[in-house]
Every structure is written in C-alpha cells, then in structure tokens.
>>> print(open('input28.pdb').read())   # PDB, C-alpha atoms
ATOM      1  CA  MET L 174       0.000   0.000   0.000
ATOM      2  CA  ASN L 175       2.794   2.428   0.860
ATOM      3  CA  GLN L 176       4.442   1.712  -2.495
ATOM      4  CA  LEU L 177       1.137   2.439  -4.207
ATOM      5  CA  ILE L 178       0.889   5.806  -2.449
ATOM      6  CA  SER L 179       4.402   6.782  -3.475
ATOM      7  CA  GLN L 180       3.489   6.592  -7.173
ATOM      8  CA  PRO L 181       2.679  10.030  -8.673
ATOM      9  CA  THR L 182      -0.374   8.743 -10.571
ATOM     10  CA  PHE L 183      -1.956   7.518  -7.343
ATOM     11  CA  TRP L 184      -3.095  11.020  -6.381
ATOM     12  CA  HIS L 185      -4.887  11.742  -9.677
ATOM     13  CA  ASN L 186      -8.119   9.953  -8.752
ATOM     14  CA  SER L 187      -9.547  11.453  -5.561
ATOM     15  CA  VAL L 188     -12.049   8.614  -4.987
ATOM     16  CA  THR L 189      -9.397   5.921  -5.281
ATOM     17  CA  TYR L 190      -6.807   7.605  -3.098
ATOM     18  CA  TYR L 191      -9.368   8.429  -0.405
ATOM     19  CA  GLN L 192     -10.487   4.784  -0.251
ATOM     20  CA  LYS L 193      -6.905   3.513  -0.170
ATOM     21  CA  LEU L 194      -5.941   5.972   2.562
ATOM     22  CA  GLN L 195      -8.893   4.791   4.644
ATOM     23  CA  GLU L 196      -7.839   1.187   4.083
ATOM     24  CA  ILE L 197      -4.255   1.984   5.136
ATOM     25  CA  GLU L 198      -5.512   3.740   8.251
ATOM     26  CA  PHE L 199      -7.685   0.720   9.092
ATOM     27  CA  LEU L 200      -4.800  -1.724   8.579
ATOM     28  CA  ASN L 201      -2.430   0.393  10.672
ATOM     29  CA  ALA L 202      -4.959   0.465  13.508
ATOM     30  CA  LYS L 203      -5.326  -3.332  13.302
ATOM     31  CA  LYS L 204      -1.544  -3.719  13.330
ATOM     32  CA  LYS L 205      -1.194  -1.525  16.427
ATOM     33  CA  GLN L 206      -3.984  -3.433  18.149
ATOM     34  CA  TYR L 207      -2.306  -6.755  17.358
ATOM     35  CA  GLN L 208       1.096  -5.511  18.565
ATOM     36  CA  ARG L 209      -0.432  -4.211  21.802
ATOM     37  CA  SER L 210      -2.172  -7.539  22.477
ATOM     38  CA  HIS L 211       0.962  -9.489  21.559
ATOM     39  CA  LEU L 212       3.103  -7.471  24.004
ATOM     40  CA  ILE L 213       0.587  -8.039  26.802
ATOM     41  CA  LEU L 214       0.565 -11.767  26.049
ATOM     42  CA  GLU L 215       4.379 -11.897  26.086
ATOM     43  CA  ASP L 216       4.382 -10.123  29.475
ATOM     44  CA  ILE L 217       1.919 -12.698  30.817
ATOM     45  CA  LYS L 218       4.046 -15.581  29.533
ATOM     46  CA  ALA L 219       7.183 -14.136  31.110
ATOM     47  CA  ALA L 220       5.407 -13.574  34.426
ATOM     48  CA  LEU L 221       4.093 -17.161  34.444
ATOM     49  CA  GLU L 222       7.578 -18.530  33.753
ATOM     50  CA  LEU L 223       8.977 -16.512  36.645
ATOM     51  CA  LEU L 224       6.120 -17.583  38.904
ATOM     52  CA  GLU L 225       6.928 -21.238  38.194
ATOM     53  CA  LEU L 226      10.469 -20.641  39.461
ATOM     54  CA  SER L 227       9.505 -18.722  42.586
ATOM     55  CA  PRO L 228       6.078 -17.581  43.770
ATOM     56  CA  ASP L 229       5.751 -13.827  44.116
ATOM     57  CA  GLU L 230       2.505 -12.105  45.078
ATOM     58  CA  GLU L 231       3.398  -8.849  43.301
ATOM     59  CA  LEU L 232       4.284 -10.673  40.090
ATOM     60  CA  LEU L 233       1.061 -12.682  40.295
ATOM     61  CA  GLN L 234      -0.922  -9.441  40.666
ATOM     62  CA  GLU L 235       0.856  -7.973  37.625
ATOM     63  CA  ALA L 236       0.070 -11.092  35.576
ATOM     64  CA  GLN L 237      -3.588 -10.915  36.609
ATOM     65  CA  THR L 238      -3.737  -7.235  35.663
ATOM     66  CA  ASN L 239      -2.200  -8.003  32.270
ATOM     67  CA  LEU L 240      -4.620 -10.878  31.782
ATOM     68  CA  THR L 241      -7.567  -8.568  32.486
ATOM     69  CA  GLN L 242      -6.154  -6.029  30.048
ATOM     70  CA  LEU L 243      -5.720  -8.734  27.386
ATOM     71  CA  GLN L 244      -9.291  -9.883  27.939
ATOM     72  CA  GLN L 245     -10.528  -6.315  27.380
ATOM     73  CA  GLU L 246      -8.458  -6.069  24.184
ATOM     74  CA  LEU L 247      -9.941  -9.334  22.916
ATOM     75  CA  GLU L 248     -13.470  -8.144  23.707
ATOM     76  CA  ILE L 249     -12.811  -5.051  21.599
ATOM     77  CA  VAL L 250     -11.507  -7.245  18.764
ATOM     78  CA  GLU L 251     -14.609  -9.437  19.040
ATOM     79  CA  ILE L 252     -16.944  -6.435  18.787
ATOM     80  CA  GLN L 253     -14.975  -5.086  15.839
ATOM     81  CA  GLN L 254     -15.224  -8.476  14.151
ATOM     82  CA  LEU L 255     -18.977  -8.539  14.701
ATOM     83  CA  LEU L 256     -19.183  -5.072  13.153
ATOM     84  CA  SER L 257     -16.908  -5.839  10.210
ATOM     85  CA  ASP L 258     -19.525  -5.646   7.457
ATOM     86  CA  PRO L 259     -18.795  -2.771   5.036
ATOM     87  CA  CYS L 260     -22.113  -1.143   5.946
ATOM     88  CA  ASP L 261     -21.117  -1.107   9.620
ATOM     89  CA  GLU L 262     -18.516   1.565   8.846
ATOM     90  CA  LYS L 263     -21.222   3.970   7.710
ATOM     91  CA  GLY L 264     -22.786   6.585   9.907
ATOM     92  CA  ALA L 265     -26.139   6.352  11.593
ATOM     93  CA  PHE L 266     -28.920   8.696  12.589
ATOM     94  CA  LEU L 267     -30.685   8.440  15.911
ATOM     95  CA  ALA L 268     -33.876  10.323  16.562
ATOM     96  CA  ILE L 269     -35.275  10.571  20.085
ATOM     97  CA  THR L 270     -38.716  12.077  20.358
ATOM     98  CA  ALA L 271     -41.031  12.783  23.251
ATOM     99  CA  GLU L 272     -44.770  13.192  23.399
ATOM    100  CA  VAL L 273     -45.781  16.795  22.942
ATOM    101  CA  GLY L 274     -46.696  18.435  26.225
ATOM    102  CA  SER L 275     -45.427  15.616  28.436
ATOM    103  CA  ILE L 276     -42.702  16.909  30.748
ATOM    104  CA  ASP L 277     -41.800  13.397  31.953
ATOM    105  CA  ALA L 278     -41.381  12.147  28.394
ATOM    106  CA  GLN L 279     -39.280  15.171  27.504
ATOM    107  CA  ASP L 280     -37.062  14.587  30.557
ATOM    108  CA  TRP L 281     -36.691  10.911  29.636
ATOM    109  CA  ALA L 282     -35.805  11.829  26.038
ATOM    110  CA  ALA L 283     -33.173  14.273  27.308
ATOM    111  CA  MET L 284     -31.675  11.586  29.553
ATOM    112  CA  LEU L 285     -31.597   9.091  26.675
ATOM    113  CA  LEU L 286     -29.912  11.649  24.448
ATOM    114  CA  GLN L 287     -27.280  12.277  27.105
ATOM    115  CA  LEU L 288     -26.690   8.533  27.619
ATOM    116  CA  TYR L 289     -26.327   7.799  23.886
ATOM    117  CA  HIS L 290     -24.107  10.838  23.451
ATOM    118  CA  ARG L 291     -21.762   9.737  26.253
ATOM    119  CA  TRP L 292     -21.666   6.176  24.938
ATOM    120  CA  ALA L 293     -20.776   7.333  21.431
ATOM    121  CA  VAL L 294     -18.066   9.706  22.661
ATOM    122  CA  ASN L 295     -16.599   7.015  24.957
ATOM    123  CA  HIS L 296     -16.456   4.620  21.979
ATOM    124  CA  ASN L 297     -14.676   7.197  19.787
ATOM    125  CA  HIS L 298     -17.616   7.899  17.470
ATOM    126  CA  LYS L 299     -18.142  11.293  15.931
ATOM    127  CA  VAL L 300     -21.313  12.822  17.317
ATOM    128  CA  TYR L 301     -23.278  15.737  15.910
ATOM    129  CA  ILE L 302     -26.390  16.951  17.695
TER
END
>>> encode(input="input28.pdb", output="structure tokens")
Amino acid sequence: MNQLISQPTFWHNSVTYYQKLQEIEFLNAKKKQYQRSHLILEDIKAALELLELSPDEELLQEAQTNLTQLQQELEIVEIQQLLSDPCDEKGAFLAITAEVGSIDAQDWAAMLLQLYHRWAVNHNHKVYI
C-alpha cells in the first residue's frame, strides 16, 4: 500500500486515493492493536515462567492485571469483528422524540440523548447533535 501511495499517478483519482488511505488507516490500527495484544501476552508468559520458578505475590498481581487487560483487548476485537460488514462503517442517525406536552417524556428523552451521546463519545464515534 505504501508503495502504491508513493506513485505520482496515485493522487490523480480522488475517490481511489481516499479509499486507499482509509484502508491503510484501518490496517495500521489493526496492526497496532495486534502488537499491543501481543506485548501483553508476552508479558503474561514471562510472568508465568517466573512464577513457576519462585512464587511472588506482586508478580502474580501484575500477571492478573495483564490478563484482564488482554481480555478487554480481545473483547474489543470481538466487537470489531462482529461489526466488520462494510455497511457497519457507515454513519447512523438516531432520533429521540417525546410526546408533545409531556414533561416526563421530555425529561426521559433528554436523559436518553445524554446517555447515547456519552456512549458514542466514549467509543470514539463522531457525534453531531
């Protein structure tokens, strides 16, 4: 991909280069995610090898922390795999409406909007209200 970008003719077609740049960005993110998970796994392996030689409570705690972190990384990978359809990369619209004149419904709609907004921001989605 990087060789393709370095060619002068690559930049002539804006649709093609935009798609390729998005693909490169996606692959780089996957590579970083894999490297991060691999490093955590290597740390866990090393800690387990040391624990076999001599038990150490601090080292055991570190291994457990790394294992929890690896589990979280794998959960993220699993969700990304579930959402790997090309249409899943597209944006979405969410409309929250309340019954006219109902203060309780309007309050509930405002709370839902706030909850969805926080969730989207925490999951690195672009949000426009």
>>> atom_distance(input="input28.pdb", atom1="atom CA of L:Glu215", atom2="atom CA of L:Gln237")
13.2 Å
>>> axis_aligned_box(input="input28.pdb", around="stretch 243-247 of chain L", padding_each_side="8 Å", output="AutoDock Vina command-line options")
--center_x -8.1 --center_y -8.0 --center_z 25.4 --size_x 20.8 --size_y 19.8 --size_z 21.0
>>> closest_residue(input="input28.pdb", among="L:Ile276, L:Gln208, L:Ile269, L:Thr241", to="L:Leu288", atoms="only C-alpha atoms")
L:Ile269
>>> atom_distance(input="input28.pdb", atom1="atom CA of L:Glu272", atom2="atom CA of L:Ala293")
24.8 Å
>>> residues_around(input="input28.pdb", residues="L:Glu198", least_positions_apart="6", cutoff="12 Å", atoms="only C-alpha atoms", output="VMD selection string")
chain L and resid 174 to 175 191 to 192 204 to 205
>>> closest_residue(input="input28.pdb", among="L:Trp184, L:Phe199, L:Tyr190, L:Tyr301", to="L:Ala268", atoms="only C-alpha atoms")
L:Tyr301
>>> atom_distance(input="input28.pdb", atom1="atom CA of L:Ala202", atom2="atom CA of L:Ile217")
22.8 Å
>>> residues_around(input="input28.pdb", residues="L:His290", least_positions_apart="4", cutoff="12 Å", atoms="all atoms listed in the file", output="JSON list (two decimals) with C-alpha atoms, in the frame of the given file")
[["chain", "number", "residue", "atom", "x", "y", "z"],
["L", 267, "LEU", "CA", -30.68, 8.44, 15.91],
["L", 268, "ALA", "CA", -33.88, 10.32, 16.56],
["L", 269, "ILE", "CA", -35.28, 10.57, 20.08],
["L", 283, "ALA", "CA", -33.17, 14.27, 27.31],
["L", 284, "MET", "CA", -31.68, 11.59, 29.55],
["L", 285, "LEU", "CA", -31.60, 9.09, 26.68],
["L", 286, "LEU", "CA", -29.91, 11.65, 24.45],
["L", 294, "VAL", "CA", -18.07, 9.71, 22.66],
["L", 295, "ASN", "CA", -16.60, 7.02, 24.96],
["L", 296, "HIS", "CA", -16.46, 4.62, 21.98],
["L", 297, "ASN", "CA", -14.68, 7.20, 19.79],
["L", 298, "HIS", "CA", -17.62, 7.90, 17.47],
["L", 299, "LYS", "CA", -18.14, 11.29, 15.93],
["L", 300, "VAL", "CA", -21.31, 12.82, 17.32],
["L", 301, "TYR", "CA", -23.28, 15.74, 15.91],
["L", 302, "ILE", "CA", -26.39, 16.95, 17.70]]
>>> residues_around(input="input28.pdb", residues="L:Leu233", least_positions_apart="5", cutoff="9 Å", atoms="all atoms listed in the file", output="NGL selection string")
:L and (220-221 or 224 or 228 or 238)
>>> write_last_selection(input="input28.pdb", atoms="C-alpha atoms", output="PDB file, in the coordinates of the input")
ATOM      1  CA  ALA L 220       5.407 -13.574  34.426  1.00  0.00           C
ATOM      2  CA  LEU L 221       4.093 -17.161  34.444  1.00  0.00           C
ATOM      3  CA  LEU L 224       6.120 -17.583  38.904  1.00  0.00           C
ATOM      4  CA  PRO L 228       6.078 -17.581  43.770  1.00  0.00           C
ATOM      5  CA  THR L 238      -3.737  -7.235  35.663  1.00  0.00           C
TER       6      THR L 238
END
>>> build_atoms(input="input28.pdb", residues="stretch 175-205 of chain L", atoms="N, CA and C atoms", output="mmCIF file, in the coordinates of the input")
data_model
loop_
_atom_site.group_PDB
_atom_site.id
_atom_site.type_symbol
_atom_site.label_atom_id
_atom_site.label_comp_id
_atom_site.auth_asym_id
_atom_site.auth_seq_id
_atom_site.Cartn_x
_atom_site.Cartn_y
_atom_site.Cartn_z
ATOM 1 N N ASN L 175 1.928 1.245 0.805
ATOM 2 C CA ASN L 175 2.794 2.428 0.860
ATOM 3 C C ASN L 175 3.502 2.656 -0.473
ATOM 4 N N GLN L 176 3.838 1.571 -1.171
ATOM 5 C CA GLN L 176 4.442 1.712 -2.495
ATOM 6 C C GLN L 176 3.443 2.311 -3.479
ATOM 7 N N LEU L 177 2.189 1.906 -3.343
ATOM 8 C CA LEU L 177 1.137 2.439 -4.207
ATOM 9 C C LEU L 177 0.984 3.945 -3.998
ATOM 10 N N ILE L 178 1.033 4.380 -2.768
ATOM 11 C CA ILE L 178 0.889 5.806 -2.449
ATOM 12 C C ILE L 178 2.052 6.617 -3.012
ATOM 13 N N SER L 179 3.225 6.039 -3.028
ATOM 14 C CA SER L 179 4.402 6.782 -3.475
ATOM 15 C C SER L 179 4.422 7.031 -4.985
ATOM 16 N N GLN L 180 3.548 6.369 -5.733
ATOM 17 C CA GLN L 180 3.489 6.592 -7.173
ATOM 18 C C GLN L 180 2.767 7.901 -7.468
ATOM 19 N N PRO L 181 3.292 8.717 -8.385
ATOM 20 C CA PRO L 181 2.679 10.030 -8.673
ATOM 21 C C PRO L 181 1.267 9.929 -9.243
ATOM 22 N N THR L 182 0.961 8.879 -9.976
ATOM 23 C CA THR L 182 -0.374 8.743 -10.571
ATOM 24 C C THR L 182 -1.440 8.380 -9.556
ATOM 25 N N PHE L 183 -1.008 7.919 -8.388
ATOM 26 C CA PHE L 183 -1.956 7.518 -7.343
ATOM 27 C C PHE L 183 -2.873 8.665 -6.943
ATOM 28 N N TRP L 184 -2.363 9.871 -6.888
ATOM 29 C CA TRP L 184 -3.095 11.020 -6.381
ATOM 30 C C TRP L 184 -4.014 11.669 -7.415
ATOM 31 N N HIS L 185 -4.056 11.147 -8.636
ATOM 32 C CA HIS L 185 -4.887 11.742 -9.677
ATOM 33 C C HIS L 185 -6.382 11.459 -9.483
ATOM 34 N N ASN L 186 -6.717 10.327 -8.943
ATOM 35 C CA ASN L 186 -8.119 9.953 -8.752
ATOM 36 C C ASN L 186 -8.469 10.118 -7.275
ATOM 37 N N SER L 187 -9.250 11.140 -6.962
ATOM 38 C CA SER L 187 -9.547 11.453 -5.561
ATOM 39 C C SER L 187 -10.354 10.354 -4.870
ATOM 40 N N VAL L 188 -11.244 9.682 -5.583
ATOM 41 C CA VAL L 188 -12.049 8.614 -4.987
ATOM 42 C C VAL L 188 -11.152 7.441 -4.608
ATOM 43 N N THR L 189 -10.281 7.058 -5.521
ATOM 44 C CA THR L 189 -9.397 5.921 -5.281
ATOM 45 C C THR L 189 -8.435 6.198 -4.136
ATOM 46 N N TYR L 190 -7.789 7.364 -4.150
ATOM 47 C CA TYR L 190 -6.807 7.605 -3.098
ATOM 48 C C TYR L 190 -7.467 7.756 -1.735
ATOM 49 N N TYR L 191 -8.669 8.304 -1.686
ATOM 50 C CA TYR L 191 -9.368 8.429 -0.405
ATOM 51 C C TYR L 191 -9.688 7.045 0.158
ATOM 52 N N GLN L 192 -10.174 6.143 -0.696
ATOM 53 C CA GLN L 192 -10.487 4.784 -0.251
ATOM 54 C C GLN L 192 -9.238 4.047 0.210
ATOM 55 N N LYS L 193 -8.155 4.191 -0.528
ATOM 56 C CA LYS L 193 -6.905 3.513 -0.170
ATOM 57 C C LYS L 193 -6.337 4.079 1.137
ATOM 58 N N LEU L 194 -6.433 5.382 1.319
ATOM 59 C CA LEU L 194 -5.941 5.972 2.562
ATOM 60 C C LEU L 194 -6.750 5.481 3.762
ATOM 61 N N GLN L 195 -8.053 5.336 3.576
ATOM 62 C CA GLN L 195 -8.893 4.791 4.644
ATOM 63 C C GLN L 195 -8.508 3.344 4.945
ATOM 64 N N GLU L 196 -8.232 2.579 3.905
ATOM 65 C CA GLU L 196 -7.839 1.187 4.083
ATOM 66 C C GLU L 196 -6.500 1.098 4.819
ATOM 67 N N ILE L 197 -5.560 1.967 4.468
ATOM 68 C CA ILE L 197 -4.255 1.984 5.136
ATOM 69 C C ILE L 197 -4.424 2.351 6.606
ATOM 70 N N GLU L 198 -5.252 3.333 6.865
ATOM 71 C CA GLU L 198 -5.512 3.740 8.251
ATOM 72 C C GLU L 198 -6.118 2.585 9.051
ATOM 73 N N PHE L 199 -7.052 1.865 8.444
ATOM 74 C CA PHE L 199 -7.685 0.720 9.092
ATOM 75 C C PHE L 199 -6.655 -0.367 9.385
ATOM 76 N N LEU L 200 -5.808 -0.676 8.399
ATOM 77 C CA LEU L 200 -4.800 -1.724 8.579
ATOM 78 C C LEU L 200 -3.760 -1.327 9.623
ATOM 79 N N ASN L 201 -3.375 -0.067 9.655
ATOM 80 C CA ASN L 201 -2.430 0.393 10.672
ATOM 81 C C ASN L 201 -3.018 0.284 12.067
ATOM 82 N N ALA L 202 -4.293 0.593 12.204
ATOM 83 C CA ALA L 202 -4.959 0.465 13.508
ATOM 84 C C ALA L 202 -5.006 -0.998 13.937
ATOM 85 N N LYS L 203 -5.296 -1.897 13.000
ATOM 86 C CA LYS L 203 -5.326 -3.332 13.302
ATOM 87 C C LYS L 203 -3.936 -3.819 13.712
ATOM 88 N N LYS L 204 -2.917 -3.327 13.021
ATOM 89 C CA LYS L 204 -1.544 -3.719 13.330
ATOM 90 C C LYS L 204 -1.169 -3.275 14.737
ATOM 91 N N LYS L 205 -1.492 -2.035 15.090
ATOM 92 C CA LYS L 205 -1.194 -1.525 16.427
ATOM 93 C C LYS L 205 -1.931 -2.325 17.499
#
